[in-house]
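Visitor: Pasting query.cif below, which is mmCIF, C-alpha atoms and all ligand atoms.
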data_run
loop_
_atom_site.label_atom_id
_atom_site.label_comp_id
_atom_site.auth_asym_id
_atom_site.auth_seq_id
_atom_site.Cartn_x
_atom_site.Cartn_y
_atom_site.Cartn_z
CA MET R 1 -16.26 1.76 -7.92
CA THR R 2 -13.55 3.26 -5.77
CA LEU R 3 -10.64 1.93 -3.79
CA LEU R 4 -10.01 4.59 -1.18
CA ASP R 5 -9.09 1.88 1.29
CA ILE R 6 -9.05 -1.89 1.07
CA ASP R 7 -12.43 -2.23 2.78
CA ASP R 8 -14.13 -0.47 -0.12
CA LEU R 9 -14.00 -4.01 -1.53
CA THR R 10 -16.07 -6.76 0.05
CA PRO R 11 -14.01 -9.78 1.18
CA GLU R 12 -15.36 -11.64 -1.87
CA GLU R 13 -14.27 -8.81 -4.18
CA LEU R 14 -10.86 -8.72 -2.52
CA HIS R 15 -10.36 -12.43 -3.19
CA ALA R 16 -11.64 -11.95 -6.75
CA VAL R 17 -9.04 -9.20 -7.34
CA LEU R 18 -6.28 -11.45 -5.94
CA ASP R 19 -7.43 -14.34 -8.16
CA ASN R 20 -7.56 -11.98 -11.12
CA ALA R 21 -4.01 -10.84 -10.33
CA THR R 22 -2.77 -14.44 -10.28
CA ARG R 23 -4.57 -15.18 -13.53
CA LEU R 24 -3.02 -12.17 -15.27
CA LYS R 25 0.41 -12.93 -13.78
CA THR R 26 0.46 -16.54 -14.94
CA ALA R 27 -1.50 -16.42 -18.23
CA ASP R 28 0.47 -17.14 -21.41
CA ASP R 29 -1.52 -14.44 -23.14
CA ALA R 30 -3.82 -12.30 -21.00
CA GLY R 31 -4.88 -10.22 -24.01
CA THR R 32 -5.48 -6.47 -23.87
CA PRO R 33 -8.69 -6.03 -21.86
CA LEU R 34 -8.06 -2.31 -21.28
CA GLU R 35 -7.47 -1.37 -24.90
CA ARG R 36 -7.98 2.38 -25.52
CA GLN R 37 -8.53 3.01 -21.79
CA THR R 38 -6.60 5.69 -19.92
CA LEU R 39 -5.50 5.96 -16.29
CA ALA R 40 -4.83 9.50 -15.02
CA MET R 41 -2.21 9.32 -12.24
CA VAL R 42 -2.18 12.32 -9.89
CA PHE R 43 0.88 12.54 -7.63
CA GLU R 44 1.42 15.06 -4.81
CA LYS R 45 4.23 12.89 -3.34
CA PRO R 46 7.13 11.06 -4.98
CA SER R 47 6.87 7.42 -6.05
CA THR R 48 8.94 4.74 -7.71
CA ARG R 49 6.90 1.53 -7.44
CA THR R 50 3.36 2.94 -7.59
CA ARG R 51 4.02 5.14 -10.59
CA ILE R 52 5.96 2.56 -12.59
CA SER R 53 3.75 -0.43 -11.75
CA PHE R 54 0.53 1.40 -12.66
CA GLU R 55 1.98 2.82 -15.86
CA THR R 56 3.50 -0.51 -16.93
CA GLY R 57 0.33 -2.34 -15.93
CA MET R 58 -1.81 -0.12 -18.14
CA THR R 59 0.59 -0.70 -21.06
CA GLN R 60 0.46 -4.47 -20.56
CA LEU R 61 -3.34 -4.41 -20.42
CA GLY R 62 -3.46 -2.52 -23.73
CA GLY R 63 -4.26 0.89 -22.24
CA HIS R 64 -2.34 4.04 -21.44
CA ALA R 65 -1.40 5.98 -18.29
CA ILE R 66 -0.71 9.71 -17.89
CA PHE R 67 1.64 10.86 -15.11
CA LEU R 68 0.42 14.11 -13.55
CA GLY R 69 2.99 15.38 -11.05
CA PRO R 70 2.60 18.34 -8.69
CA ASP R 71 3.67 20.88 -11.33
CA ASP R 72 1.97 19.30 -14.34
CA ILE R 73 -1.64 20.31 -13.72
CA HIS R 74 -3.48 23.24 -12.11
CA LEU R 75 -4.21 21.23 -8.95
CA GLY R 76 -2.21 22.84 -6.15
CA HIS R 77 -1.84 25.99 -8.26
CA GLY R 78 -5.34 27.40 -7.89
CA GLU R 79 -7.76 24.90 -9.45
CA PRO R 80 -9.84 23.11 -6.82
CA LEU R 81 -9.76 19.35 -6.47
CA ARG R 82 -13.43 19.00 -7.38
CA ASP R 83 -12.90 20.74 -10.72
CA THR R 84 -9.86 18.57 -11.43
CA ALA R 85 -11.94 15.46 -10.66
CA ARG R 86 -14.75 16.53 -12.98
CA ALA R 87 -12.42 17.49 -15.85
CA ILE R 88 -10.34 14.28 -15.68
CA SER R 89 -13.56 12.25 -15.67
CA ARG R 90 -14.44 13.67 -19.11
CA TYR R 91 -11.23 12.25 -20.61
CA ALA R 92 -9.92 9.28 -18.69
CA ASP R 93 -11.36 5.95 -17.55
CA PHE R 94 -9.71 5.72 -14.11
CA ILE R 95 -7.97 8.06 -11.66
CA MET R 96 -5.18 6.92 -9.38
CA ALA R 97 -4.12 9.54 -6.82
CA ARG R 98 -1.30 9.78 -4.29
CA VAL R 99 -1.98 12.71 -1.97
CA PHE R 100 -1.19 13.79 1.58
CA ASP R 101 -4.63 14.31 3.07
CA HIS R 102 -6.94 11.28 2.91
CA ALA R 103 -9.92 13.67 2.73
CA ASP R 104 -8.62 14.70 -0.70
CA VAL R 105 -9.09 11.25 -2.25
CA VAL R 106 -12.53 11.13 -0.66
CA GLU R 107 -13.39 14.45 -2.35
CA LEU R 108 -11.85 13.31 -5.62
CA ALA R 109 -14.08 10.22 -5.58
CA GLU R 110 -17.13 12.32 -4.70
CA PHE R 111 -16.73 14.56 -7.74
CA ALA R 112 -15.27 12.06 -10.24
CA SER R 113 -17.60 9.97 -12.34
CA ILE R 114 -14.95 7.30 -12.99
CA PRO R 115 -13.27 4.85 -10.55
CA VAL R 116 -10.79 6.48 -8.14
CA ILE R 117 -7.92 4.41 -6.72
CA ASN R 118 -5.92 5.52 -3.70
CA GLY R 119 -2.22 5.30 -4.53
CA LEU R 120 -1.30 6.25 -0.92
CA THR R 121 -2.47 8.90 1.50
CA ASP R 122 -1.22 9.74 4.98
CA ASP R 123 -3.79 7.25 6.31
CA ALA R 124 -3.98 4.36 3.86
CA HIS R 125 -2.20 2.41 1.11
CA PRO R 126 -4.68 -0.19 -0.18
CA CYS R 127 -2.77 -1.00 -3.39
CA GLN R 128 0.17 -2.02 -1.21
CA THR R 129 -2.13 -4.32 0.76
CA LEU R 130 -3.28 -6.03 -2.44
CA ALA R 131 0.34 -6.77 -3.37
CA ASP R 132 1.17 -7.83 0.20
CA LEU R 133 -1.69 -10.33 0.38
CA LEU R 134 -0.75 -11.71 -3.05
CA THR R 135 2.86 -12.12 -1.88
CA ILE R 136 1.91 -13.88 1.35
CA GLN R 137 -0.46 -16.19 -0.54
CA GLU R 138 2.32 -17.07 -2.98
CA GLN R 139 4.90 -17.65 -0.24
CA PHE R 140 2.74 -19.87 1.97
CA GLY R 141 -0.02 -21.12 -0.37
CA THR R 142 -2.53 -19.60 2.06
CA LEU R 143 -3.24 -16.35 3.91
CA ASP R 144 -3.77 -18.28 7.13
CA VAL R 145 -0.39 -17.36 8.65
CA ASP R 146 0.83 -15.17 11.53
CA LEU R 147 2.33 -11.88 10.44
CA ALA R 148 4.14 -9.55 12.85
CA TRP R 149 4.17 -5.87 11.95
CA VAL R 150 7.08 -4.19 13.72
CA GLY R 151 7.31 -0.41 13.41
CA ASP R 152 5.03 2.55 12.87
CA GLY R 153 1.23 2.18 12.89
CA ASN R 154 1.20 4.11 9.61
CA ASN R 155 -0.71 4.13 6.30
CA VAL R 156 0.75 0.82 5.10
CA CYS R 157 0.08 -0.83 8.45
CA GLN R 158 -3.47 0.49 8.68
CA SER R 159 -4.55 -0.84 5.29
CA LEU R 160 -2.89 -4.18 6.09
CA VAL R 161 -4.83 -4.31 9.38
CA LEU R 162 -8.07 -4.00 7.40
CA GLY R 163 -6.89 -6.49 4.76
CA ALA R 164 -6.06 -9.00 7.50
CA ALA R 165 -9.48 -8.52 9.09
CA MET R 166 -11.08 -9.33 5.71
CA THR R 167 -9.02 -12.51 5.20
CA ASP R 168 -7.49 -15.39 7.20
CA LEU R 169 -4.29 -13.44 7.88
CA ASP R 170 -3.50 -13.16 11.61
CA LEU R 171 -1.78 -9.90 12.40
CA THR R 172 0.10 -8.72 15.47
CA VAL R 173 1.12 -5.07 15.42
CA ALA R 174 4.05 -3.86 17.54
CA THR R 175 4.60 -0.11 17.67
CA PRO R 176 6.24 2.20 20.18
CA GLU R 177 3.76 3.86 22.53
CA GLY R 178 2.05 6.76 20.81
CA TYR R 179 2.48 5.30 17.30
CA GLU R 180 -0.38 2.80 17.36
CA ILE R 181 -2.96 2.53 14.56
CA ASP R 182 -5.91 4.94 14.63
CA ASP R 183 -8.82 3.91 16.79
CA GLY R 184 -11.14 4.27 13.78
CA VAL R 185 -9.11 1.66 11.87
CA ARG R 186 -9.13 -0.66 14.90
CA LYS R 187 -12.94 -0.39 15.05
CA ARG R 188 -13.34 -0.93 11.29
CA ALA R 189 -11.15 -4.04 11.53
CA ALA R 190 -13.23 -5.39 14.42
CA GLY R 191 -16.37 -4.82 12.34
CA LEU R 192 -14.88 -6.72 9.40
CA GLY R 193 -13.40 -9.65 11.33
CA ASP R 194 -10.60 -9.50 13.88
CA ALA R 195 -8.83 -6.38 15.07
CA PRO R 196 -5.09 -7.09 15.31
CA VAL R 197 -3.33 -8.10 18.50
CA GLU R 198 -1.43 -4.98 19.57
CA THR R 199 1.67 -4.62 21.70
CA ASN R 200 4.49 -2.16 22.36
CA ASP R 201 6.99 -5.04 22.58
CA PRO R 202 8.53 -6.11 19.23
CA HIS R 203 9.81 -9.39 20.73
CA GLU R 204 6.32 -10.32 21.86
CA ALA R 205 5.05 -9.63 18.32
CA ILE R 206 7.46 -12.05 16.62
CA ASP R 207 6.89 -14.86 19.12
CA GLY R 208 5.18 -17.51 16.96
CA ALA R 209 5.21 -15.34 13.82
CA ASP R 210 5.62 -16.85 10.33
CA ILE R 211 6.70 -13.59 8.71
CA ILE R 212 7.75 -10.06 9.71
CA TYR R 213 6.83 -6.76 8.03
CA THR R 214 8.22 -3.30 8.59
CA ASP R 215 8.06 0.09 6.90
CA VAL R 216 9.90 3.38 7.33
CA TRP R 217 9.63 5.14 10.67
CA VAL R 218 9.64 8.53 8.92
CA SER R 219 6.98 8.60 6.22
CA MET R 220 6.76 11.15 3.43
CA GLY R 221 5.71 14.47 4.96
CA GLU R 222 7.04 13.58 8.44
CA GLU R 223 10.61 14.70 7.86
CA ASP R 224 10.37 17.28 10.70
CA GLU R 225 9.71 14.43 13.15
CA ARG R 226 12.81 12.44 12.14
CA GLU R 227 14.98 13.07 15.23
CA GLN R 228 12.15 12.39 17.66
CA LYS R 229 11.00 9.25 15.84
CA LEU R 230 14.52 7.81 15.59
CA ARG R 231 14.74 8.13 19.39
CA GLU R 232 11.29 6.72 20.09
CA PHE R 233 11.64 3.74 17.70
CA ASP R 234 14.86 2.58 19.38
CA GLY R 235 14.60 -1.24 19.72
CA PHE R 236 12.27 -1.67 16.73
CA GLN R 237 14.96 -2.09 14.06
CA LEU R 238 14.92 -5.36 12.07
CA THR R 239 18.41 -6.76 12.60
CA THR R 240 19.78 -10.18 11.62
CA ASP R 241 19.50 -11.36 15.24
CA PHE R 242 15.94 -10.12 15.59
CA VAL R 243 14.52 -11.67 12.41
CA GLY R 244 16.32 -15.04 12.70
CA ASP R 245 15.19 -17.20 9.79
CA LEU R 246 11.81 -15.51 9.26
CA PRO R 247 10.89 -14.02 5.88
CA VAL R 248 10.85 -10.23 5.92
CA MET R 249 8.53 -7.89 4.04
CA HIS R 250 8.96 -4.16 3.44
CA CYS R 251 6.82 -2.04 1.11
CA LEU R 252 9.90 0.04 0.16
CA PRO R 253 11.49 2.50 -0.13
CA ALA R 254 13.58 1.45 2.91
CA HIS R 255 15.60 3.75 5.09
CA ARG R 256 18.52 1.38 5.62
CA GLY R 257 20.04 1.72 9.09
CA GLU R 258 16.75 3.00 10.52
CA GLU R 259 13.87 0.46 10.51
CA ILE R 260 15.97 -2.28 8.84
CA THR R 261 19.66 -3.04 8.53
CA ASP R 262 21.49 -3.38 5.25
CA ASP R 263 22.25 -7.02 6.14
CA VAL R 264 18.59 -7.95 6.53
CA LEU R 265 17.50 -6.17 3.37
CA GLU R 266 20.29 -7.82 1.36
CA SER R 267 19.67 -11.27 2.89
CA ASP R 268 17.65 -14.14 1.44
CA ASN R 269 15.09 -13.52 4.20
CA ALA R 270 13.96 -10.35 2.43
CA ILE R 271 11.16 -11.10 -0.03
CA VAL R 272 10.81 -7.42 -0.82
CA TRP R 273 11.52 -7.68 -4.55
CA ASP R 274 8.79 -10.28 -5.10
CA GLN R 275 6.57 -8.01 -3.03
CA ALA R 276 7.48 -4.98 -5.18
CA GLU R 277 6.86 -6.96 -8.39
CA ASN R 278 3.45 -7.95 -7.11
CA ARG R 279 2.39 -4.29 -7.10
CA LEU R 280 2.22 -4.68 -10.88
CA HIS R 281 0.19 -7.90 -10.87
CA ALA R 282 -2.16 -6.89 -8.05
CA GLN R 283 -2.98 -3.55 -9.67
CA LYS R 284 -3.52 -5.18 -13.05
CA GLY R 285 -5.95 -7.49 -11.28
CA LEU R 286 -7.70 -4.47 -9.78
CA LEU R 287 -7.87 -2.40 -12.97
CA ASP R 288 -9.21 -5.35 -14.95
CA PHE R 289 -11.74 -6.05 -12.17
CA PHE R 290 -12.92 -2.39 -12.22
CA ALA R 291 -13.14 -2.38 -16.02
CA GLU R 292 -15.36 -5.48 -16.19
N1 LIG P 301 5.63 1.01 -1.81
C1 LIG P 301 5.37 2.11 -2.53
O1 LIG P 301 4.26 2.60 -2.63
O2 LIG P 301 6.48 2.60 -3.16
P1 LIG P 301 6.61 3.98 -3.93
O3 LIG P 301 6.55 5.08 -2.91
O4 LIG P 301 7.94 3.89 -4.61
O5 LIG P 301 5.48 4.09 -4.90
N1 LIG P 302 4.77 4.90 5.00
C1 LIG P 302 5.48 5.28 3.80
C2 LIG P 302 5.13 4.38 2.68
C3 LIG P 302 5.81 4.66 1.38
C4 LIG P 302 5.39 3.75 0.28
C5 LIG P 302 5.18 6.71 3.46
O1 LIG P 302 4.00 7.11 3.57
O2 LIG P 302 6.09 7.45 3.13
#
Can you present the structure in this file as structure tokens?
Ligand code: CP
Ligand code: NVA
Guide:
Amino acid sequence: MTLLDIDDLTPEELHAVLDNATRLKTADDAGTPLERQTLAMVFEKPSTRTRISFETGMTQLGGHAIFLGPDDIHLGHGEPLRDTARAISRYADFIMARVFDHADVVELAEFASIPVINGLTDDAHPCQTLADLLTIQEQFGTLDVDLAWVGDGNNVCQSLVLGAAMTDLDLTVATPEGYEIDDGVRKRAAGLGDAPVETNDPHEAIDGADIIYTDVWVSMGEEDEREQKLREFDGFQLTTDFVGDLPVMHCLPAHRGEEITDDVLESDNAIVWDQAENRLHAQKGLLDFFAE
């Protein structure tokens, strides 16, 4: 099995992973179903939540995780990805990889003989979507709510678009012109269920919304675009006035003063810490599901 994007799961499998996550989160004693199993974690980009939640999750499930940063292995220093995939597969039970180019996790999965999990690429962040859906379900008791995405049509947004299409979540995506989701993602969503409603007007997006979600305007690897993006995203910032009394999600890390103000992030509207915690539970649900 692989999780290169959220639609590698069927809708039934997605719900099973979410149920598994809830079970592991709430069980008095979930046991150690991954005893003696090892997760190899390959990181080309920095991470706080993904690294710590996967590593802690493996510990809690009775297994072990190995952090492999950009200078820890031969990948990026001469050894091809396919050889790295084949070697890791002879030792570990799962690979989780955070890389720039989405084609790299596809290649990793092609040459690995163990499950490969995408820990974020430039195009997708399915583990974030698992935690986001779990958080929404916990907040509202259902996924049948209206979520307004306000910001960049980036990796986090694109996986959420697919996750919404696979569930009851109704998604409206507001981006500045030129920062919409990829057409391929739009088509995949339409094939799975509903493509999101799209607009370039953030106020239109939050009209009737139950919850708002944003992410950084300048993703990892886009630092050269910062000045241009700050100009073009003018009007998309989540301010106290804009969000009103709606709950606010953010995958974090936040760039305070850019996509979201300090006030909003520090307010009771922000459910971002529950959302961050759910990375742990959702990924435990996934790892246990893959191990079964
Ligand atoms: N949301 C998320 O993936 O955070 P990190 O970059 O800290 O892993
Ligand atoms: N869109 C952000 C998400 C970080 C978790 C990035 O790719 O940098």
Visitor: When you count all atoms listed in the file, which of these residues is closest to Pro33 (chain R): R:Pro176, R:Gly151, R:Gly285, R:Gly193?
Guide: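 Under the stated criterion, the closest residue is R:Gly285.
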Visitor: Set the cut-off to 6 Å, count only C-alpha atoms and all ligand atoms, and list whatever residues fall near ligand LIG 301 (chain P) as a VMD selection string.
Guide: chain R and resid 47 to 51 251 to 253
Visitor: Report as a ChimeraX atom specification all protein, DNA and RNA residues lying within 8 Å of Val145 (chain R), evaluated on all atoms listed in the file, omitting residues in the same chain fewer than 4 positions from it.
Guide: /R:140,168-170,209-210
Visitor: Chain R near ligand LIG 302 (chain P) within 9 Å: what's each residue's closest atom pair and its distance in Å to one decimal, counting only C-alpha atoms and all ligand atoms, ordered by chain then ascending residue number, as a Markdown table?
Guide:
| residue | atom | partner | partner_atom | distance |
| --- | --- | --- | --- | --- |
| R:Lys45 | CA | P:LIG302 | O2 | 8.7 |
| R:Pro46 | CA | P:LIG302 | O2 | 8.9 |
| R:Ser47 | CA | P:LIG302 | C4 | 7.5 |
| R:Thr48 | CA | P:LIG302 | C4 | 8.8 |
| R:Arg49 | CA | P:LIG302 | C4 | 8.2 |
| R:Thr50 | CA | P:LIG302 | C4 | 8.2 |
| R:Phe100 | CA | P:LIG302 | O1 | 8.7 |
| R:Leu120 | CA | P:LIG302 | O1 | 7.0 |
| R:Thr121 | CA | P:LIG302 | O1 | 7.0 |
| R:Asp122 | CA | P:LIG302 | O1 | 6.0 |
| R:Asp123 | CA | P:LIG302 | O1 | 8.3 |
| R:Ala124 | CA | P:LIG302 | O1 | 8.4 |
| R:His125 | CA | P:LIG302 | C2 | 7.8 |
| R:Gln128 | CA | P:LIG302 | C4 | 7.9 |
| R:Asp152 | CA | P:LIG302 | N1 | 8.2 |
| R:Asn154 | CA | P:LIG302 | N1 | 5.9 |
| R:Asn155 | CA | P:LIG302 | N1 | 5.7 |
| R:Val156 | CA | P:LIG302 | N1 | 5.7 |
| R:Cys157 | CA | P:LIG302 | N1 | 8.2 |
| R:Asp215 | CA | P:LIG302 | N1 | 6.1 |
| R:Val216 | CA | P:LIG302 | N1 | 5.8 |
| R:Trp217 | CA | P:LIG302 | N1 | 7.5 |
| R:Val218 | CA | P:LIG302 | O2 | 6.9 |
| R:Ser219 | CA | P:LIG302 | O2 | 3.4 |
| R:Met220 | CA | P:LIG302 | O2 | 3.8 |
| R:Gly221 | CA | P:LIG302 | O2 | 7.3 |
| R:Glu222 | CA | P:LIG302 | O2 | 8.2 |
| R:Cys251 | CA | P:LIG302 | C4 | 6.0 |
| R:Leu252 | CA | P:LIG302 | C4 | 5.8 |
| R:Pro253 | CA | P:LIG302 | C4 | 6.2 |
| R:Ala254 | CA | P:LIG302 | C3 | 8.5 |
Visitor: So how far away is CA of Ala65 (chain R) from CA of Glu79 (chain R), in Å?
Guide: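 Distance reported for this atom pair: 21.8 Å.
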Visitor: Extract, using only C-alpha atoms, all DNA, RNA and protein residues at most 6 Å from Trp149 (chain R), discarding same-chain residues fewer than 6 positions from it, and format them as a list in words.
Guide: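 Counting only the stated atoms, we get Val173, Ala174, Ile212, Tyr213 and Thr214 of chain R.
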Visitor: What would the file look like if the residues just selected were written as a compact mmCIF listing (two decimals), in the coordinates of the input with C-alpha atoms?
Guide:
# COMPACT_ATOMS: atom_id res chain seq x y z
CA VAL R 173 1.12 -5.07 15.42
CA ALA R 174 4.05 -3.86 17.54
CA ILE R 212 7.75 -10.06 9.71
CA TYR R 213 6.83 -6.76 8.03
CA THR R 214 8.22 -3.30 8.59
Visitor: Let me make sure I understand: among R:Pro202, R:Gly141, R:Gly63, R:Pro196, which one has the smallest atom-to-atom distance to Gly31 (chain R) if we use all atoms listed in the file?
Guide: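 Answer, going by the shortest atom-to-atom distance: R:Gly63.
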Visitor: For a quick check of understanding, using all atoms listed in the file, which of R:Glu232, R:Glu292, R:Glu44, R:Asp7 has the smallest distance to His77 (chain R)?
Guide: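 So, comparing all the options, the nearest one is R:Glu44.
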Visitor: Applying 10 Å and all atoms listed in the file, which residues near Thr10 (chain R) remain after dropping the ones on its own chain fewer than 4 positions away? List them as a list in words.
Guide: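 Returned residues: Ile6, Leu14, His15, Ala16, Met166 and Leu192 of chain R.
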Visitor: When distances are computed from all atoms listed in the file, which of R:Thr172, R:Gln275, R:Asn200, R:Ser113 shows the smallest separation from Val248 (chain R)?
Guide: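 Of R:Thr172, R:Gln275, R:Asn200, R:Ser113, the one nearest Val248 (chain R) is R:Gln275, counting all atoms listed in the file.
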Visitor: With 9 Å as the threshold, what does the neighbourhood of (0.5, -2.2, -14.9) contain in terms of residues, counting all atoms listed in the file? Coordinates are those of the file; answer as a compact mmCIF listing (two decimals) with C-alpha atoms, in the frame of the given file.
Guide:
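Listed below is the output, selection.txt:
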# COMPACT_ATOMS: atom_id res chain seq x y z
CA ILE R 52 5.96 2.56 -12.59
CA SER R 53 3.75 -0.43 -11.75
CA PHE R 54 0.53 1.40 -12.66
CA GLU R 55 1.98 2.82 -15.86
CA THR R 56 3.50 -0.51 -16.93
CA GLY R 57 0.33 -2.34 -15.93
CA MET R 58 -1.81 -0.12 -18.14
CA THR R 59 0.59 -0.70 -21.06
CA GLN R 60 0.46 -4.47 -20.56
CA LEU R 61 -3.34 -4.41 -20.42
CA ARG R 279 2.39 -4.29 -7.10
CA LEU R 280 2.22 -4.68 -10.88
CA HIS R 281 0.19 -7.90 -10.87
CA ALA R 282 -2.16 -6.89 -8.05
CA GLN R 283 -2.98 -3.55 -9.67
CA LYS R 284 -3.52 -5.18 -13.05
CA LEU R 287 -7.87 -2.40 -12.97
Visitor: I need the residue nearest Thr199 (chain R) from this list: R:Pro70, R:Asp104, R:Gly178, R:Leu3. Use all atoms listed in the file for the distance.
Guide: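 Of all the options, R:Gly178 lies closest to Thr199 (chain R).
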Visitor: Counting all atoms listed in the file, what is within 9 Å of region 238-243 of chain R, bar same-chain residues fewer than 4 positions away, as a PDB file with C-alpha atoms, in the frame of the given file?
Guide:
ATOM      1  CA  VAL R 150       7.080  -4.190  13.720  1.00  0.00           C
ATOM      2  CA  HIS R 203       9.810  -9.390  20.730  1.00  0.00           C
ATOM      3  CA  ILE R 206       7.460 -12.050  16.620  1.00  0.00           C
ATOM      4  CA  ILE R 211       6.700 -13.590   8.710  1.00  0.00           C
ATOM      5  CA  ILE R 212       7.750 -10.060   9.710  1.00  0.00           C
ATOM      6  CA  THR R 214       8.220  -3.300   8.590  1.00  0.00           C
ATOM      7  CA  PRO R 247      10.890 -14.020   5.880  1.00  0.00           C
ATOM      8  CA  VAL R 248      10.850 -10.230   5.920  1.00  0.00           C
ATOM      9  CA  GLU R 258      16.750   3.000  10.520  1.00  0.00           C
ATOM     10  CA  GLU R 259      13.870   0.460  10.510  1.00  0.00           C
ATOM     11  CA  ILE R 260      15.970  -2.280   8.840  1.00  0.00           C
ATOM     12  CA  THR R 261      19.660  -3.040   8.530  1.00  0.00           C
ATOM     13  CA  ASP R 262      21.490  -3.380   5.250  1.00  0.00           C
ATOM     14  CA  ASP R 263      22.250  -7.020   6.140  1.00  0.00           C
ATOM     15  CA  VAL R 264      18.590  -7.950   6.530  1.00  0.00           C
ATOM     16  CA  SER R 267      19.670 -11.270   2.890  1.00  0.00           C
ATOM     17  CA  ASN R 269      15.090 -13.520   4.200  1.00  0.00           C
TER      18      ASN R 269
END
Visitor: So that I can see what lies close to region 181-190 of chain R, please list as a PyMOL selection string the residues with an atom at most 7 Å from it, counting only C-alpha atoms and leaving out residues fewer than 6 positions away in the same chain.
Guide: chain R and resi 153-154+158+161-162+165
Visitor: In Å to one decimal, how far is CA of Asn20 (chain R) from CA of Phe289 (chain R)?
Guide: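 A separation of 7.3 Å between them.
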Visitor: For a test of reading the model, state the distance in Å between CA of Leu230 (chain R) and CA of His250 (chain R), rounded to one decimal.
Guide: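 So the two atoms, CA of Leu230 (chain R) and CA of His250 (chain R), lie 17.9 Å apart.
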Visitor: Centre and edge lengths of an axis-aligned box around all listed atoms of region 261-280 of chain R, with 3 Å added on each side, are to be given in Å to one decimal, as lines of an AutoDock Vina configuration file.
Guide:
center_x = 12.2
center_y = -8.6
center_z = -1.2
size_x = 26.0
size_y = 17.1
size_z = 25.4
Visitor: I need the residue nearest Leu108 (chain R) from this list: R:Thr2, R:Ala164, R:Thr135, R:Asp72. Use all atoms listed in the file for the distance.
Guide: R:Thr2
Visitor: Please reconstruct the missing atoms of region 234-245 of chain R (target: N, CA, C and O atoms) and return them as an mmCIF file, keeping the file's coordinate frame.
Guide:
data_model
loop_
_atom_site.group_PDB
_atom_site.id
_atom_site.type_symbol
_atom_site.label_atom_id
_atom_site.label_comp_id
_atom_site.auth_asym_id
_atom_site.auth_seq_id
_atom_site.Cartn_x
_atom_site.Cartn_y
_atom_site.Cartn_z
ATOM 1 N N ASP R 234 13.690 3.359 18.959
ATOM 2 C CA ASP R 234 14.860 2.580 19.380
ATOM 3 C C ASP R 234 14.382 1.187 19.839
ATOM 4 O O ASP R 234 13.428 1.090 20.616
ATOM 5 N N GLY R 235 15.014 0.124 19.333
ATOM 6 C CA GLY R 235 14.600 -1.240 19.720
ATOM 7 C C GLY R 235 13.666 -1.887 18.724
ATOM 8 O O GLY R 235 13.352 -3.070 18.836
ATOM 9 N N PHE R 236 13.210 -1.114 17.727
ATOM 10 C CA PHE R 236 12.270 -1.670 16.730
ATOM 11 C C PHE R 236 12.951 -2.001 15.397
ATOM 12 O O PHE R 236 12.292 -2.395 14.443
ATOM 13 N N GLN R 237 14.271 -1.836 15.332
ATOM 14 C CA GLN R 237 14.960 -2.090 14.060
ATOM 15 C C GLN R 237 14.997 -3.594 13.744
ATOM 16 O O GLN R 237 15.239 -4.413 14.638
ATOM 17 N N LEU R 238 14.775 -3.961 12.499
ATOM 18 C CA LEU R 238 14.920 -5.360 12.070
ATOM 19 C C LEU R 238 16.395 -5.623 11.803
ATOM 20 O O LEU R 238 16.956 -5.156 10.811
ATOM 21 N N THR R 239 17.000 -6.364 12.725
ATOM 22 C CA THR R 239 18.410 -6.760 12.600
ATOM 23 C C THR R 239 18.448 -8.253 12.298
ATOM 24 O O THR R 239 17.446 -8.958 12.460
ATOM 25 N N THR R 240 19.613 -8.754 11.913
ATOM 26 C CA THR R 240 19.780 -10.180 11.620
ATOM 27 C C THR R 240 19.385 -11.025 12.831
ATOM 28 O O THR R 240 18.679 -12.023 12.700
ATOM 29 N N ASP R 241 19.825 -10.614 14.010
ATOM 30 C CA ASP R 241 19.500 -11.360 15.240
ATOM 31 C C ASP R 241 18.003 -11.377 15.491
ATOM 32 O O ASP R 241 17.436 -12.393 15.867
ATOM 33 N N PHE R 242 17.363 -10.242 15.293
ATOM 34 C CA PHE R 242 15.940 -10.120 15.590
ATOM 35 C C PHE R 242 15.095 -10.981 14.652
ATOM 36 O O PHE R 242 14.189 -11.679 15.094
ATOM 37 N N VAL R 243 15.401 -10.968 13.356
ATOM 38 C CA VAL R 243 14.520 -11.670 12.410
ATOM 39 C C VAL R 243 14.799 -13.166 12.349
ATOM 40 O O VAL R 243 13.928 -13.949 11.943
ATOM 41 N N GLY R 244 16.005 -13.605 12.761
ATOM 42 C CA GLY R 244 16.320 -15.040 12.700
ATOM 43 C C GLY R 244 16.145 -15.563 11.290
ATOM 44 O O GLY R 244 16.667 -14.972 10.339
ATOM 45 N N ASP R 245 15.364 -16.654 11.139
ATOM 46 C CA ASP R 245 15.190 -17.200 9.790
ATOM 47 C C ASP R 245 13.817 -16.863 9.200
ATOM 48 O O ASP R 245 13.368 -17.497 8.249
#
